[in-house]
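Written out below as structure tokens is the structure these notes cover.
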Amino acid sequence: MVRSMTGFGRGVTTTENYQLTVEIRSVNHRFLEIYTKFPKEWSEVEMGTKKLLSQYVHRGKLDVTVNLKSIGNDAETFQINWPLIESYKKAKNQLIEVLPIEEKWTMDEIFSLENALIYEKQEILPEELQRSIENAVIEAATHLIEMREKEGQQLKQTLLQYKDEMMLQVEFIRSHSQTAVEKYREKLIDRIKQIASGELVEERILAEVAIFAERVDISEELDRLSSHFRQLEGTLEESNSIGRKLDFLLQEMHREINTIGSKNQSSEVSVAVVQAKTILEKMREQVQNIE
């Protein structure tokens, strides 16, 4: 199935104490590159996440972010830093002995002290964290792939449409490929008649026309193009990563069209060659976003 390299997926793991959310955004890239934004203490889990994602995605640039939100009674996670309060009280009493200030305590004064309240962050066991992230990543990757496959089907239809347009140009080129030979033969007859006559004229014409026909013959290029069209259709039905293969096929098609253009002696065919190249360029733009 054709997959785009552009997409988005989100996965959520919810427990009694926290909600963990993983989001994946992907864009087109020549290879697979995964960028993660995890807390520093989660380095081991971060590496495992990249390895897990590589089993689902083969090409593209992925940005992975994770967000951990605590749920429940947050007040229970705060503790008073009594040693700090005691030290502050001691220092204030010393000032009172020297300076005539009123000894009055306010909550604002206490809470303005740095680290007066200690937030005890709930620790998550490594095994639980690994399991929670894996579940969220798998869910996010599944949604990402669904979106990439949906866009991939649109890309497939666009490519098939361009392929049909391309085949029309190729058939036009095929039907007019002998026109140049006939025109060359007529010109050659007029020129040779001016300097010779009789059987010599006919022999000379046949020889010259044969050489010219061989030089401008594009039957092999046309046959290879037909083969490439069949390969393109077959590749679009494959289930694995096909982006690079499609890119190679289009390069080969471009090579054949260039060769036809260099051999061409017909103005009508020249127009068709230009049209074919234009369609090929549109196809290559679409293929750049296929996994």
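As shown in the structure tokens, the chain order sets the letters A, B, ...; within each chain, residues go from 1, and ligands are also counted from 1 in the order they appear.
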Once you count only C-alpha atoms, what closest atom pair and distance in Å to one decimal does each residue of stretch 216-256 of chain A within 12 Å of stretch 29-46 of chain A have, with rows by chain and rising residue number, as a Markdown table?
| residue | atom | partner | partner_atom | distance |
| --- | --- | --- | --- | --- |
| A:Ser241 | CA | A:Phe31 | CA | 11.4 |
| A:Gly243 | CA | A:Arg30 | CA | 9.2 |
| A:Arg244 | CA | A:Arg30 | CA | 8.5 |
| A:Asp247 | CA | A:Arg30 | CA | 10.9 |
Between atom CA of A:Lys245 and atom CA of A:Leu225, what is the distance in Å, rounded to a tenth?
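Interatomic distance here is 15.6 Å.
Once A:Val64 and its same-chain neighbours fewer than 6 positions away are set aside, Phe8, Gly9, Arg10, Gly11, Thr21, Val22, Glu23, Ile24, Arg25, Ser26, Glu33, Ile34, Tyr35, Thr36, Lys37, Phe38, Glu46, Met47, Thr49, Lys50, Leu53, Ile133, Ala136, Val137, Ala140, Ala141 and Leu144 of chain A remain within 12 Å of it when counting only C-alpha atoms.
The residue set within 12 Å of A:Ile85, counting only C-alpha atoms and dropping same-chain residues fewer than 5 places from it, reads Ile80, Lys90, Ala91, Lys92, Trp105, Met107, Glu109, Ile110, Phe111, Ser112, Leu113, Glu114, Asn115, Ala116, Leu117 and Ile118 of chain A.
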Would you kindly return, as a CSV table (one decimal) with C-alpha atoms, in the first residue's frame, each protein, DNA or RNA residue with an atom no farther than 9 Å from any atom of A:Ala272, considering only C-alpha atoms and excluding same-chain residues fewer than 6 positions away?
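Produced file result_9.csv, reproduced below:
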chain,number,residue,atom,x,y,z
A,169,GLN,CA,2.2,11.5,-25.2
A,170,VAL,CA,4.3,8.3,-25.8
A,172,PHE,CA,1.6,10.1,-30.0
A,173,ILE,CA,5.4,9.9,-30.4
